[in-house]
Amino acid sequence: MNSKYLGVGIQDFEKMIKGNFIYVDKTEFIYEMTKMLQGFYFLARPRRFGKSLLVSTLEHFFKGEKELFKDLMIGRSDWVWKEYPVVKIDFNSITFETPDQLQENLILYVRQLSENNGIQNTYYSLKESFGALITGLFQKYKEPVAVLVDEYDKPLIDYMGKGEDKHRIAKGNRDKLKQFFGVLKGSDVSACLRFVFITGISKFARVSIFSDLNNLDDISMNKEYSTLLGYTHEEMQTCFAAYIQKVSKDENVPDQELIAKIRNWYNGYRFTTADKHVYNPFSVIKFFKTGEFKNYWFETGTPSFLIKLIKKKNYPVPDIESMKLPEELFTVYDIDHLQLEPLLFQTGYITIKNYEYELYTMEYPNREVKTSFLAYILNDFVRLEGSRFAGVYKLLQLYLKEKKIEIFIESVKSVLGSIPYAQIAGQDEAYYHTVFFLMLSASGVSVHTEVLTSRGRMDIAVEFEDKVYLIELKCNQSSQKAIDQIIEKKYYEKYMQTGADIYLMGINFDTEKRSIYDWQWRELGELLMNPKTKKKVDMTS
């Protein structure tokens with residue numbers, strides 16, 4: 001067994017190295033960022049993606065602690081080691097219930113750092129106290145200062161989507177942060193800086209807070225830093241090889257089969273135009289710790305603010321998976337007019353699938369995110385009491401897989417029938433389509449919406465290895481009309497060469513009765529059979 005341990009949630013670089021935990025070497029990026037005489041960088045990444053560990057690594061790096069890096073790329077490089085004074089600001093450790101409290105505690109934080117370094121700092125303004133710390137360190141140690149900021153946006157995102165009062169606090173905190181970081185642009189302070197690195201989850205505050213820092217290089221979507229955080233497929237296989245073998249042996253599955261499943265669950269994040277994907281590091285480590293496939297990352301935080309935004313904007317949930325976004329949407333941010341799409345991307349719920357013609361096509365990164373995110377939306381849409389329906393959703397996959405269509409339909413009806421009247425009354429066709437799609441997604445099946453064919457778009461395709469269901473939904477019409485549309489538009493052509501059995505399903509909802517009114521399903525092979533000759537009819541022309 002691997003002699004190195006799994007460091008779940010460890011954010012201290014020194015502890016990772018001295019404690020013999022697995023550390024995936026990213027120091028080649030540190031070398032690139034720091035080789036110039038001065039560098040100012042900004043990086044946005046989702047929560048639990050290793051930002052704090054990177055900040056800690058930079059802290060020990062600039063303190064010149066070469067021994068910690070001896071087995072890493074930068075420790076074997078031509079880097080000339082030197083100790084620099086370091087200012088590390090972690091907003092996770094600062095209280096900010098009001099803008100005034102944020103200001104007061106930031107000043108206290110800076111004063112404590114000054115005191116720790118024997119620097120007198122009696123200023124009562126944000127800019128002056130921060131500036132005095134940096135210039136004081138430079139004068140004392142005769143070396144330029146490295147400033148490292150972790151979770152810069154916490155005083156803002158903690159108050160987003162929680163009503164007008166909280167929003168005013170967020171705006172007030174933003175103004176305080178702008179004052180605080182504004183000191184970095186001053187020529188007297190800037191001359192004392194060796195390196196600045198600022199990280200957080202979002203970019204919506206970067207423009208307003210750091211607008212004066214013209215030299216701040218945003219590497220969030222820079223393809224040279226695509227894999228700075230997260231594990232590449234090669235890193236996952238190499239660094240966790242012993243754990244792959246252990247789980248493979250424990251579960252009695254071949255290594256490659258296990259790796260493919262891990263990839264499906266936890267890989268898929270793409271942050272730039274470069275076709276490079278990374279695994280969620282938190283979920284990977286948790287998986288190897290337990291040997292069980294679960295939604296580890298999703299369970300550490302809920303996207304309630306995003307769900308509110310989806311409902312407020314009446315955004316069609318099935319369209320999230322294939323949205324196309326212009327490039328400028330990722331560069332313009334306003335805290336008063338937040339855009340849903342870039343927020344979904346920055347928070348890690350969608351990722352880049354493709355980039356061409358200055359358009360980003362988005363998708364869910366992996367199974368963990370898709371199933372858990374859509375299940376969360378479903379629960380918000382239907383607002384069912386109790387947890388018994390979680391089991392119902394999971395069974396939907398089994399019913400389709402085993403062609404138990406009547407039980408499948410009855411299960412869908414039972415969910416619809418349990419939705420509170422106030423929640424479902426007066427809802428239109430889009431609501432029923434969305435809820436049906438969400439139920440399928442929550443079950444874990446491979447479901448695709450608005451599937452493009454040569455003759456139009458079908459509503460839903462559910463794919464298994466040996467079969468595919470082509471589903472057309474109607475409201476206040478008839479299931480026969482749905483089946484006729486599939487046949488008329490020949491939606492099945494797309495799948496005829498796959499070797500899978502193809503089934504057509506038409507479902508008609510009655511909005512007044514708030515349930516499925518009628519439904520039917522057909523096997524394509526039977527429809528293609530001439531009843532007189534018992535031979536297949538060519539329906540592809």
# chains A, B, ... in the order shown; residues from 1 in each chain; ligands from 1
call {"tool": "select_by_dssp", "arguments": {"residues": "segment 323-518 of chain A", "states": "strand (DSSP E or B)", "output": "VMD selection string"}}
result
chain A and resid 324 to 326 351 to 356 359 to 363 446 to 453 456 to 463 467 to 475 501 to 510 515 to 518
call {"tool": "write_last_selection", "arguments": {"atoms": "C-alpha atoms", "output": "PDB file, in the first residue's frame"}}
result
ATOM      1  CA  LYS A 324     -23.973  28.775 -25.721  1.00  0.00           C
ATOM      2  CA  LEU A 325     -22.366  31.875 -24.255  1.00  0.00           C
ATOM      3  CA  PRO A 326     -20.553  34.752 -25.961  1.00  0.00           C
ATOM      4  CA  THR A 351     -18.053  23.899 -17.372  1.00  0.00           C
ATOM      5  CA  ILE A 352     -16.754  24.469 -20.898  1.00  0.00           C
ATOM      6  CA  LYS A 353     -17.571  21.741 -23.405  1.00  0.00           C
ATOM      7  CA  ASN A 354     -16.358  23.456 -26.539  1.00  0.00           C
ATOM      8  CA  TYR A 355     -15.152  26.811 -27.831  1.00  0.00           C
ATOM      9  CA  GLU A 356     -15.486  27.988 -31.411  1.00  0.00           C
ATOM     10  CA  LEU A 359     -18.829  31.073 -28.397  1.00  0.00           C
ATOM     11  CA  TYR A 360     -18.559  28.787 -25.384  1.00  0.00           C
ATOM     12  CA  THR A 361     -20.763  25.690 -25.342  1.00  0.00           C
ATOM     13  CA  MET A 362     -21.336  24.641 -21.748  1.00  0.00           C
ATOM     14  CA  GLU A 363     -22.194  21.352 -20.020  1.00  0.00           C
ATOM     15  CA  SER A 446     -28.075   9.478 -19.340  1.00  0.00           C
ATOM     16  CA  VAL A 447     -30.738  11.955 -20.424  1.00  0.00           C
ATOM     17  CA  HIS A 448     -30.460  14.506 -23.217  1.00  0.00           C
ATOM     18  CA  THR A 449     -32.964  17.225 -24.028  1.00  0.00           C
ATOM     19  CA  GLU A 450     -33.822  18.969 -27.274  1.00  0.00           C
ATOM     20  CA  VAL A 451     -31.693  16.448 -29.166  1.00  0.00           C
ATOM     21  CA  LEU A 452     -30.824  17.791 -32.606  1.00  0.00           C
ATOM     22  CA  THR A 453     -31.633  15.506 -35.544  1.00  0.00           C
ATOM     23  CA  GLY A 456     -35.764  18.767 -35.989  1.00  0.00           C
ATOM     24  CA  ARG A 457     -35.361  18.470 -32.238  1.00  0.00           C
ATOM     25  CA  MET A 458     -36.888  15.745 -30.109  1.00  0.00           C
ATOM     26  CA  ASP A 459     -37.802  16.537 -26.506  1.00  0.00           C
ATOM     27  CA  ILE A 460     -35.846  13.873 -24.611  1.00  0.00           C
ATOM     28  CA  ALA A 461     -33.564  10.928 -25.335  1.00  0.00           C
ATOM     29  CA  VAL A 462     -32.693   8.486 -22.541  1.00  0.00           C
ATOM     30  CA  GLU A 463     -29.700   6.326 -23.404  1.00  0.00           C
ATOM     31  CA  LYS A 467     -31.433   0.609 -25.582  1.00  0.00           C
ATOM     32  CA  VAL A 468     -32.594   4.179 -26.092  1.00  0.00           C
ATOM     33  CA  TYR A 469     -35.939   5.826 -25.349  1.00  0.00           C
ATOM     34  CA  LEU A 470     -37.061   8.682 -27.595  1.00  0.00           C
ATOM     35  CA  ILE A 471     -39.634  10.639 -25.594  1.00  0.00           C
ATOM     36  CA  GLU A 472     -41.933  13.361 -26.877  1.00  0.00           C
ATOM     37  CA  LEU A 473     -43.989  15.339 -24.355  1.00  0.00           C
ATOM     38  CA  LYS A 474     -47.294  17.108 -24.948  1.00  0.00           C
ATOM     39  CA  CYS A 475     -49.657  19.120 -22.767  1.00  0.00           C
ATOM     40  CA  ASP A 501     -33.002  -1.221 -29.279  1.00  0.00           C
ATOM     41  CA  ILE A 502     -35.071   1.908 -29.925  1.00  0.00           C
ATOM     42  CA  TYR A 503     -38.325   2.673 -28.114  1.00  0.00           C
ATOM     43  CA  LEU A 504     -40.687   5.566 -28.792  1.00  0.00           C
ATOM     44  CA  MET A 505     -42.675   7.053 -25.927  1.00  0.00           C
ATOM     45  CA  GLY A 506     -45.398   9.675 -26.067  1.00  0.00           C
ATOM     46  CA  ILE A 507     -46.622  11.304 -22.852  1.00  0.00           C
ATOM     47  CA  ASN A 508     -49.466  13.811 -22.627  1.00  0.00           C
ATOM     48  CA  PHE A 509     -49.918  15.930 -19.490  1.00  0.00           C
ATOM     49  CA  ASP A 510     -53.233  17.414 -18.412  1.00  0.00           C
ATOM     50  CA  SER A 515     -50.949  14.692 -14.017  1.00  0.00           C
ATOM     51  CA  ILE A 516     -50.294  12.419 -16.993  1.00  0.00           C
ATOM     52  CA  TYR A 517     -53.561  12.100 -18.943  1.00  0.00           C
ATOM     53  CA  ASP A 518     -52.497   9.461 -21.463  1.00  0.00           C
TER      54      ASP A 518
END
call {"tool": "closest_atom_pairs", "arguments": {"of": "segment 292-387 of chain A", "to": "segment 149-169 of chain A", "cutoff": "9 Å", "atoms": "only C-alpha atoms", "output": "Markdown table"}}
result
| residue | atom | partner | partner_atom | distance |
| --- | --- | --- | --- | --- |
| A:Ser304 | CA | A:Gly161 | CA | 8.2 |
| A:Phe305 | CA | A:Gly161 | CA | 5.0 |
| A:Leu306 | CA | A:Gly161 | CA | 8.1 |
| A:Lys308 | CA | A:Gly161 | CA | 7.3 |
| A:Leu309 | CA | A:Gly161 | CA | 8.0 |
| A:Ile335 | CA | A:Met160 | CA | 8.9 |
| A:Asp336 | CA | A:His167 | CA | 8.7 |
call {"tool": "residues_around", "arguments": {"residues": "segment 228-239 of chain A", "least_positions_apart": "6", "cutoff": "7 Å", "atoms": "only C-alpha atoms", "output": "ChimeraX atom specification"}}
result
/A:24,26,29,49-50,277-281
call {"tool": "closest_residue", "arguments": {"among": "A:Leu148, A:Ala442, A:Ile134, A:Val80", "to": "Gly186 of chain A", "atoms": "only C-alpha atoms"}}
result
A:Ile134
call {"tool": "closest_residue", "arguments": {"among": "A:Thr273, A:Glu321, A:Lys513, A:Asp71", "to": "Tyr357 of chain A", "atoms": "only C-alpha atoms"}}
result
A:Thr273
call {"tool": "residues_around", "arguments": {"residues": "Met439 of chain A", "least_positions_apart": "3", "cutoff": "9 Å", "atoms": "only C-alpha atoms", "output": "count of residues only"}}
result
12
call {"tool": "residues_around", "arguments": {"residues": "Phe62 of chain A", "least_positions_apart": "4", "cutoff": "10 Å", "atoms": "only C-alpha atoms", "output": "list of chain:residue names"}}
result
A:Thr34, A:Thr57, A:Leu58, A:Lys66, A:Trp81, A:Lys82, A:Glu83, A:Tyr84, A:Pro85, A:Val86, A:Val145, A:Ala146, A:Val147, A:Arg194, A:Phe195
